$ cat target.cif   # mmCIF, C-alpha atoms
data_upload
loop_
_atom_site.group_PDB
_atom_site.id
_atom_site.type_symbol
_atom_site.label_atom_id
_atom_site.label_comp_id
_atom_site.auth_asym_id
_atom_site.auth_seq_id
_atom_site.Cartn_x
_atom_site.Cartn_y
_atom_site.Cartn_z
ATOM 1 C CA LYS D 308 -16.450 22.387 -24.284
ATOM 2 C CA VAL D 309 -14.147 20.108 -22.337
ATOM 3 C CA HIS D 310 -10.464 20.757 -23.021
ATOM 4 C CA PHE D 311 -8.864 18.546 -20.366
ATOM 5 C CA ILE D 312 -9.954 15.667 -18.166
ATOM 6 C CA ILE D 313 -7.746 14.912 -15.178
ATOM 7 C CA VAL D 314 -8.601 11.863 -13.082
ATOM 8 C CA ALA D 315 -7.301 10.861 -9.649
ATOM 9 C CA GLY D 316 -8.784 8.211 -7.390
ATOM 10 C CA PHE D 317 -11.485 6.828 -9.684
ATOM 11 C CA LYS D 318 -11.722 3.085 -10.263
ATOM 12 C CA TYR D 319 -12.777 3.299 -13.904
ATOM 13 C CA ILE D 320 -13.763 6.041 -16.333
ATOM 14 C CA PRO D 321 -15.633 4.833 -19.459
ATOM 15 C CA GLU D 322 -14.458 5.871 -22.906
ATOM 16 C CA SER D 323 -17.727 7.738 -23.434
ATOM 17 C CA ILE D 324 -16.551 10.189 -20.755
ATOM 18 C CA TYR D 325 -12.790 10.510 -21.294
ATOM 19 C CA SER D 326 -13.191 10.832 -25.066
ATOM 20 C CA LEU D 327 -15.068 14.109 -24.567
ATOM 21 C CA SER D 328 -11.883 16.121 -23.935
ATOM 22 C CA LYS D 329 -10.626 18.279 -26.788
ATOM 23 C CA GLU D 330 -6.952 18.095 -25.797
ATOM 24 C CA PHE D 331 -6.341 15.013 -23.636
ATOM 25 C CA SER D 332 -7.589 12.895 -20.727
ATOM 26 C CA ILE D 333 -5.063 11.787 -18.132
ATOM 27 C CA ASN D 334 -4.937 9.810 -14.913
ATOM 28 C CA ILE D 335 -2.703 10.490 -11.910
ATOM 29 C CA HIS D 336 -1.608 7.122 -10.542
ATOM 30 C CA PRO D 337 0.027 7.009 -7.055
ATOM 31 C CA GLY D 338 2.694 4.502 -8.038
ATOM 32 C CA ILE D 339 5.246 3.615 -10.692
ATOM 33 C CA LEU D 340 3.731 2.130 -13.830
ATOM 34 C CA PRO D 341 3.678 -0.354 -15.398
ATOM 35 C CA GLN D 342 5.053 -2.515 -12.562
ATOM 36 C CA ASN D 343 2.617 -1.249 -9.915
ATOM 37 C CA LYS D 344 -0.812 -1.299 -11.537
ATOM 38 C CA GLY D 345 -3.999 -1.671 -9.517
ATOM 39 C CA SER D 346 -5.947 -0.027 -6.729
ATOM 40 C CA SER D 347 -3.425 -0.441 -3.862
ATOM 41 C CA PRO D 348 -0.022 0.761 -5.147
ATOM 42 C CA THR D 349 1.144 2.455 -1.942
ATOM 43 C CA GLN D 350 0.245 -0.512 0.260
ATOM 44 C CA TRP D 351 2.046 -2.998 -1.991
ATOM 45 C CA SER D 352 5.121 -0.763 -2.135
ATOM 46 C CA ILE D 353 5.307 -0.736 1.664
ATOM 47 C CA TYR D 354 4.604 -4.453 2.062
ATOM 48 C CA LEU D 355 7.165 -5.498 -0.565
ATOM 49 C CA GLY D 356 9.816 -3.265 0.982
ATOM 50 C CA GLU D 357 10.336 -1.285 -2.209
ATOM 51 C CA LYS D 358 12.882 1.508 -1.863
ATOM 52 C CA GLN D 359 11.067 3.936 -4.114
ATOM 53 C CA THR D 360 7.623 4.771 -5.406
ATOM 54 C CA GLY D 361 6.325 7.592 -7.507
ATOM 55 C CA ILE D 362 3.598 9.365 -9.427
ATOM 56 C CA THR D 363 2.714 8.315 -12.960
ATOM 57 C CA ILE D 364 0.692 10.518 -15.282
ATOM 58 C CA HIS D 365 -0.696 8.541 -18.210
ATOM 59 C CA LYS D 366 -3.397 8.790 -20.845
ATOM 60 C CA LEU D 367 -6.736 7.204 -20.057
ATOM 61 C CA ASP D 368 -7.410 3.985 -21.901
ATOM 62 C CA ARG D 369 -10.058 1.280 -22.042
ATOM 63 C CA LYS D 370 -7.964 -0.821 -19.646
ATOM 64 C CA ILE D 371 -7.183 0.453 -16.139
ATOM 65 C CA ASP D 372 -3.664 1.932 -15.714
ATOM 66 C CA SER D 373 -2.739 0.898 -19.256
ATOM 67 C CA GLY D 374 -2.668 4.151 -21.233
ATOM 68 C CA LYS D 375 0.474 5.710 -22.676
ATOM 69 C CA ILE D 376 2.811 6.865 -19.902
ATOM 70 C CA LEU D 377 3.578 10.594 -20.137
ATOM 71 C CA ILE D 378 5.592 11.289 -16.992
ATOM 72 C CA ILE D 379 6.917 9.408 -13.967
ATOM 73 C CA LYS D 380 8.153 11.240 -10.887
ATOM 74 C CA LYS D 381 10.048 8.895 -8.546
ATOM 75 C CA PHE D 382 11.094 9.356 -4.927
ATOM 76 C CA LYS D 383 12.442 7.266 -2.060
ATOM 77 C CA ILE D 384 10.269 5.558 0.554
ATOM 78 C CA SER D 385 11.136 5.736 4.241
ATOM 79 C CA GLN D 386 11.396 2.197 5.620
ATOM 80 C CA LYS D 387 9.270 3.162 8.655
ATOM 81 C CA ILE D 388 6.448 4.968 6.848
ATOM 82 C CA ASP D 389 2.815 3.858 7.078
ATOM 83 C CA ASN D 390 0.241 3.987 4.286
ATOM 84 C CA TYR D 391 -1.430 7.249 5.340
ATOM 85 C CA LYS D 392 1.887 9.126 5.486
ATOM 86 C CA LEU D 393 2.995 7.743 2.125
ATOM 87 C CA GLU D 394 -0.294 8.723 0.467
ATOM 88 C CA THR D 395 0.018 12.192 2.023
ATOM 89 C CA GLU D 396 3.560 12.536 0.694
ATOM 90 C CA ILE D 397 2.413 11.544 -2.793
ATOM 91 C CA ASN D 398 -0.486 14.021 -2.690
ATOM 92 C CA LYS D 399 1.941 16.830 -1.829
ATOM 93 C CA LYS D 400 4.044 15.988 -4.899
ATOM 94 C CA ILE D 401 1.168 15.812 -7.388
ATOM 95 C CA PRO D 402 1.044 19.590 -8.126
ATOM 96 C CA ARG D 403 4.748 19.567 -9.041
ATOM 97 C CA ALA D 404 4.248 16.535 -11.292
ATOM 98 C CA LEU D 405 1.323 18.263 -13.039
ATOM 99 C CA ASP D 406 3.413 21.403 -13.424
ATOM 100 C CA LYS D 407 6.125 19.402 -15.191
ATOM 101 C CA PHE D 408 3.527 17.754 -17.370
ATOM 102 C CA PHE D 409 1.789 20.928 -18.510
ATOM 103 C CA PHE D 410 5.015 22.801 -19.162
ATOM 104 C CA ARG D 411 6.704 19.795 -20.788
ATOM 105 C CA LYS D 412 9.684 19.826 -18.398
ATOM 106 C CA PHE D 413 10.276 16.130 -18.844
ATOM 107 C CA GLU D 414 11.733 13.634 -21.248
ATOM 108 C CA ARG D 415 9.556 11.083 -22.982
ATOM 109 C CA LYS D 416 11.458 7.819 -22.697
ATOM 110 C CA PRO D 417 10.189 4.376 -23.698
ATOM 111 C CA ASN D 418 9.365 2.270 -20.655
ATOM 112 C CA ARG D 419 10.314 -1.378 -21.071
ATOM 113 C CA THR D 420 9.585 -2.395 -17.492
ATOM 114 C CA PRO D 421 7.447 -5.572 -17.243
ATOM 115 C CA VAL D 422 3.769 -4.915 -16.540
ATOM 116 C CA LYS D 423 2.612 -5.987 -13.073
ATOM 117 C CA THR D 424 -1.004 -5.691 -11.945
ATOM 118 C CA ARG D 425 -1.237 -6.115 -8.185
ATOM 119 C CA LYS D 426 -4.329 -7.353 -6.405
ATOM 120 C CA ASN D 427 -6.436 -5.253 -4.056
ATOM 121 C CA PHE D 428 -4.283 -5.138 -0.927
ATOM 122 C CA ASN D 429 -7.046 -4.958 1.669
ATOM 123 C CA ARG D 430 -8.724 -8.059 0.255
ATOM 124 C CA HIS D 431 -5.582 -10.188 0.096
ATOM 125 C CA LYS D 432 -3.364 -8.992 2.957
ATOM 126 C CA SER D 433 -5.752 -8.075 5.773
ATOM 127 C CA LEU D 434 -5.109 -11.269 7.805
ATOM 128 C CA LEU D 435 -2.039 -11.917 9.944
ATOM 129 C CA ASP D 436 0.029 -14.592 8.191
ATOM 130 C CA LEU D 437 2.295 -16.268 10.749
ATOM 131 C CA SER D 438 3.964 -18.326 8.019
ATOM 132 C CA ASP D 439 5.542 -15.053 6.893
ATOM 133 C CA ASN D 440 8.758 -13.646 8.362
ATOM 134 C CA TYR D 441 8.741 -10.903 10.975
ATOM 135 C CA ASP D 442 9.893 -8.077 8.682
ATOM 136 C CA SER D 443 7.128 -8.879 6.170
ATOM 137 C CA ILE D 444 4.527 -8.887 8.941
ATOM 138 C CA CYS D 445 5.724 -5.467 10.115
ATOM 139 C CA ARG D 446 5.549 -4.088 6.561
ATOM 140 C CA ASN D 447 2.071 -5.587 6.186
ATOM 141 C CA LEU D 448 1.013 -3.820 9.380
ATOM 142 C CA ARG D 449 2.432 -0.463 8.253
ATOM 143 C CA ALA D 450 0.632 -0.835 4.930
ATOM 144 C CA MET D 451 -2.687 -1.079 6.816
ATOM 145 C CA LYS D 452 -2.052 1.706 9.325
ATOM 146 C CA PRO D 453 -3.358 4.065 10.545
ATOM 147 C CA ILE D 454 -6.824 3.120 9.290
ATOM 148 C CA THR D 455 -6.697 -0.391 10.707
ATOM 149 C CA GLY D 456 -4.376 -3.229 11.714
ATOM 150 C CA ILE D 457 -4.109 -6.885 10.685
ATOM 151 C CA ARG D 458 -6.947 -9.241 11.550
ATOM 152 C CA PHE D 459 -6.255 -12.430 13.501
ATOM 153 C CA LEU D 460 -8.635 -15.143 14.682
ATOM 154 C CA TYR D 461 -8.045 -16.073 18.322
ATOM 155 C CA LYS D 462 -10.356 -18.287 20.374
ATOM 156 C CA GLY D 463 -13.166 -17.809 17.874
ATOM 157 C CA LYS D 464 -12.912 -14.033 18.004
ATOM 158 C CA MET D 465 -11.510 -11.821 15.249
ATOM 159 C CA ILE D 466 -9.078 -9.316 16.741
ATOM 160 C CA CYS D 467 -7.248 -6.459 15.055
ATOM 161 C CA VAL D 468 -3.511 -6.592 15.757
ATOM 162 C CA TRP D 469 -1.958 -3.136 16.137
ATOM 163 C CA GLN D 470 1.485 -4.017 17.478
ATOM 164 C CA ILE D 471 3.563 -7.202 17.285
ATOM 165 C CA LEU D 472 7.099 -7.388 18.669
ATOM 166 C CA LYS D 473 9.781 -10.016 18.190
ATOM 167 C CA VAL D 474 10.983 -11.810 21.330
ATOM 168 C CA SER D 475 13.508 -14.432 20.241
ATOM 169 C CA LYS D 476 14.637 -16.436 17.222
ATOM 170 C CA ASN D 477 12.318 -19.246 16.211
ATOM 171 C CA THR D 478 14.655 -22.244 16.041
ATOM 172 C CA SER D 479 11.909 -24.859 15.908
ATOM 173 C CA ASN D 480 11.138 -24.335 12.189
ATOM 174 C CA LYS D 481 7.464 -24.312 13.195
ATOM 175 C CA SER D 482 5.454 -21.195 12.364
ATOM 176 C CA GLY D 483 1.817 -20.297 12.838
ATOM 177 C CA MET D 484 1.761 -21.512 16.422
ATOM 178 C CA ILE D 485 0.081 -19.802 19.372
ATOM 179 C CA ARG D 486 2.375 -20.397 22.320
ATOM 180 C CA GLY D 487 0.205 -18.929 25.050
ATOM 181 C CA VAL D 488 0.141 -15.740 27.099
ATOM 182 C CA ASP D 489 3.112 -14.236 28.956
ATOM 183 C CA SER D 490 3.154 -12.790 32.487
ATOM 184 C CA ASN D 491 2.126 -9.362 31.163
ATOM 185 C CA GLY D 492 -0.899 -10.714 29.309
ATOM 186 C CA ASN D 493 0.632 -10.476 25.811
ATOM 187 C CA LEU D 494 -0.261 -13.158 23.277
ATOM 188 C CA LEU D 495 2.766 -15.246 22.277
ATOM 189 C CA VAL D 496 2.912 -16.505 18.682
ATOM 190 C CA ALA D 497 5.527 -17.918 16.326
ATOM 191 C CA CYS D 498 6.109 -16.618 12.800
ATOM 192 C CA LYS D 499 8.595 -17.970 10.269
ATOM 193 C CA ASP D 500 11.767 -16.631 11.883
ATOM 194 C CA TYR D 501 10.845 -15.223 15.300
ATOM 195 C CA ASN D 502 8.820 -15.918 18.392
ATOM 196 C CA CYS D 503 6.708 -12.805 18.857
ATOM 197 C CA LYS D 504 4.240 -11.179 21.193
ATOM 198 C CA ILE D 505 1.079 -9.320 20.245
ATOM 199 C CA THR D 506 1.026 -6.388 22.640
ATOM 200 C CA LYS D 507 -1.618 -3.994 21.269
ATOM 201 C CA VAL D 508 -4.922 -4.327 19.419
ATOM 202 C CA LEU D 509 -7.371 -1.941 17.794
ATOM 203 C CA SER D 510 -10.847 -2.270 19.257
ATOM 204 C CA PHE D 511 -13.713 -0.020 18.122
ATOM 205 C CA GLY D 512 -11.297 2.757 17.186
ATOM 206 C CA GLU D 513 -9.310 2.555 20.421
ATOM 207 C CA ILE D 514 -5.788 1.140 20.799
ATOM 208 C CA LEU D 515 -5.713 -1.226 23.786
ATOM 209 C CA PRO D 516 -3.219 -3.603 25.401
ATOM 210 C CA PHE D 517 -3.931 -7.167 24.336
ATOM 211 C CA SER D 518 -4.275 -8.002 28.030
ATOM 212 C CA ASP D 519 -7.429 -5.848 28.203
ATOM 213 C CA LEU D 520 -9.329 -8.199 25.885
ATOM 214 C CA ARG D 521 -11.690 -10.725 27.384
ATOM 215 C CA PHE D 522 -12.391 -14.070 25.750
#
$ encode --input "target.cif" --output "structure tokens"
Amino acid sequence: KVHFIIVAGFKYIPESIYSLSKEFSINIHPGILPQNKGSSPTQWSIYLGEKQTGITIHKLDRKIDSGKILIIKKFKISQKIDNYKLETEINKKIPRALDKFFFRKFERKPNRTPVKTRKNFNRHKSLLDLSDNYDSICRNLRAMKPITGIRFLYKGKMICVWQILKVSKNTSNKSGMIRGVDSNGNLLVACKDYNCKITKVLSFGEILPFSDLRF
């Protein structure tokens, strides 16, 4: 006999499975529902500069991340954190959230927050977007780290940007431009609000100076 089903990390559990539990079937979602639905909640929280995230425990339903919300545990996000560290922090807090759930140390309040399903982050934000501002680019990069960086096509070769630094204000109102290479071999580019330099790349698992690449 199955009394409880607890899910974490699965893309979809069919009703034929979660309906087998005698008591309840729940999902542990690493984000605040309903405004952070989808498969990439931590990455979107970092990229959008959100000041807090959380853990949501909800009942399993036919639609992903749509079951009745049972508990939400919120906490602040460090503005310098990367995706791996944020996921690790969430994982450390899951046992406490489950403890509160099982022992009913929480209040059941109606949640009237608008529903927001966010797209898969790695599919939609894996490329360097120089039309974006510098702070957004940095958040995008932290949301990808430490597994990978942001991809960028340069001279017909796809590179993986690991570090981009601002150099000066972009007063030309022209973004997306490659301005050349500086005396130290860094690639100079222009985003929405700053002239920047790409100083480090990820190549076959190794972090290298951009100047080490050969085109």
$ residues_around --input "target.cif" --residues "segment 499-501 of chain D" --least-positions-apart "2" --cutoff "12 Å" --atoms "all atoms listed in the file" --output "list in words"
Asp436, Leu437, Ser438, Asp439, Asn440, Tyr441, Asp442, Ser443, Ile444, Ile471, Leu472, Lys473, Val474, Ser475, Lys476, Asn477, Thr478, Ser479, Asn480, Lys481, Ser482, Gly483, Met484, Leu495, Val496, Ala497, Cys503 and Lys504 of chain D
$ closest_residue --input "target.cif" --among "D:Arg403, D:Ile457, D:Leu393, D:Ser332" --to "Gly374 of chain D" --atoms "all atoms listed in the file"
D:Ser332
$ atom_distance --input "target.cif" --atom1 "atom CA of Lys344 of chain D" --atom2 "atom CA of Ile376 of chain D"
12.2 Å
$ atom_distance --input "target.cif" --atom1 "atom CA of Asp389 of chain D" --atom2 "atom CA of Ala450 of chain D"
5.6 Å
$ resolve_selection --input "target.cif" --expression "the PyMOL selection byres ((chain D and resi 334) around 9)" --output "ChimeraX atom specification"
/D:312-317,332-333,335-336,363-367,372,374
$ closest_residue --input "target.cif" --among "D:Ser373, D:Ser326, D:Thr424, D:Thr349" --to "Lys392 of chain D" --atoms "only C-alpha atoms"
D:Thr349
$ closest_residue --input "target.cif" --among "D:Thr455, D:Thr395, D:Ser323, D:Asn390" --to "Cys467 of chain D" --atoms "all atoms listed in the file"
D:Thr455
$ atom_distance --input "target.cif" --atom1 "atom CA of Ile384 of chain D" --atom2 "atom CA of Ile353 of chain D"
8.1 Å
$ resolve_selection --input "target.cif" --expression "the PyMOL selection byres ((chain D and resi 310) around 10)" --output "VMD selection string"
chain D and resid 308 to 309 311 to 312 327 to 332
$ closest_residue --input "target.cif" --among "D:Ser510, D:Gln350, D:Asn502, D:Asn343" --to "Arg430 of chain D" --atoms "only C-alpha atoms"
D:Gln350
$ residues_around --input "target.cif" --residues "Asn493 of chain D" --least-positions-apart "4" --cutoff "6 Å" --atoms "all atoms listed in the file" --output "MDAnalysis selection string"
chainID D and resid 488:489 504:506 517:518
